Amino acid sequence: MARVQTGGTVVLLTTLALTCAALAGEKTAWRLFVSDHSESIVHVVDLLTQEKIETFATKAPARLYRSKTGRTVLAVQRGADLVTAIDSGISFEDHGDHGDIKVKAPRLLGVEIAGKQPSHVVE
């Protein structure tokens with residue numbers, strides 16, 4: 001994760017890239033999740049097409065954390081005492097001799113965890 005400061009706006013970036021190793025070159029997916037601190041939103045960009053594919057409203061500016069699997073992005077909203085889970089839309093199943101990658105639209109998972117001023121995610 002990288003933090004980029006542009007003027008008075010802080011943007012948090014996290015990338016998610018999964019490639020099916022056994023099927024290298026057949027299917028690749030790259031997603032960029034951007035949390036805008038001037039607006040309470042998270043943008044999702046497909047890095048292969050360079051197109052914004054989704055925007056999610058949050059209750060407050062969010063810090064973004066990627067789960068170990070890359071399947072979930074957690075939007076930690078300290079100002080709203082809330083953590084929101086976002087499905088990255090990319091999943092990978094390792095079958096030992098081969099792997100399967102599935103790509104679908106990112107979506108809110110409907111999971112929100114409330115707590116006083118959350119600041120970090122420890123998986």
# chains A, B, ... in the order shown; residues from 1 in each chain; ligands from 1

$ select_by_dssp --residues "region 4-122 of chain A" --states "strand (DSSP E)" --output "ChimeraX atom specification"
/A:4-6,9-19,28-36,41-46,51-57,63-66,72-77,82-87,90-94,99-103,107-114

$ atom_distance --atom1 "CA of His120 (chain A)" --atom2 "CA of Arg63 (chain A)"
8.5 Å

$ closest_residue --among "A:Asp97, A:Glu39, A:Asp81, A:Asp46" --to "Pro61 (chain A)" --atoms "only C-alpha atoms"
A:Glu39

$ residues_around --residues "region 82-85 of chain A" --least-positions-apart "5" --cutoff "7 Å" --atoms "only C-alpha atoms" --output "ChimeraX atom specification"
/A:72-77,108-109,111-115,118

$ atom_distance --atom1 "CA of Ala60 (chain A)" --atom2 "CA of Ile86 (chain A)"
15.0 Å
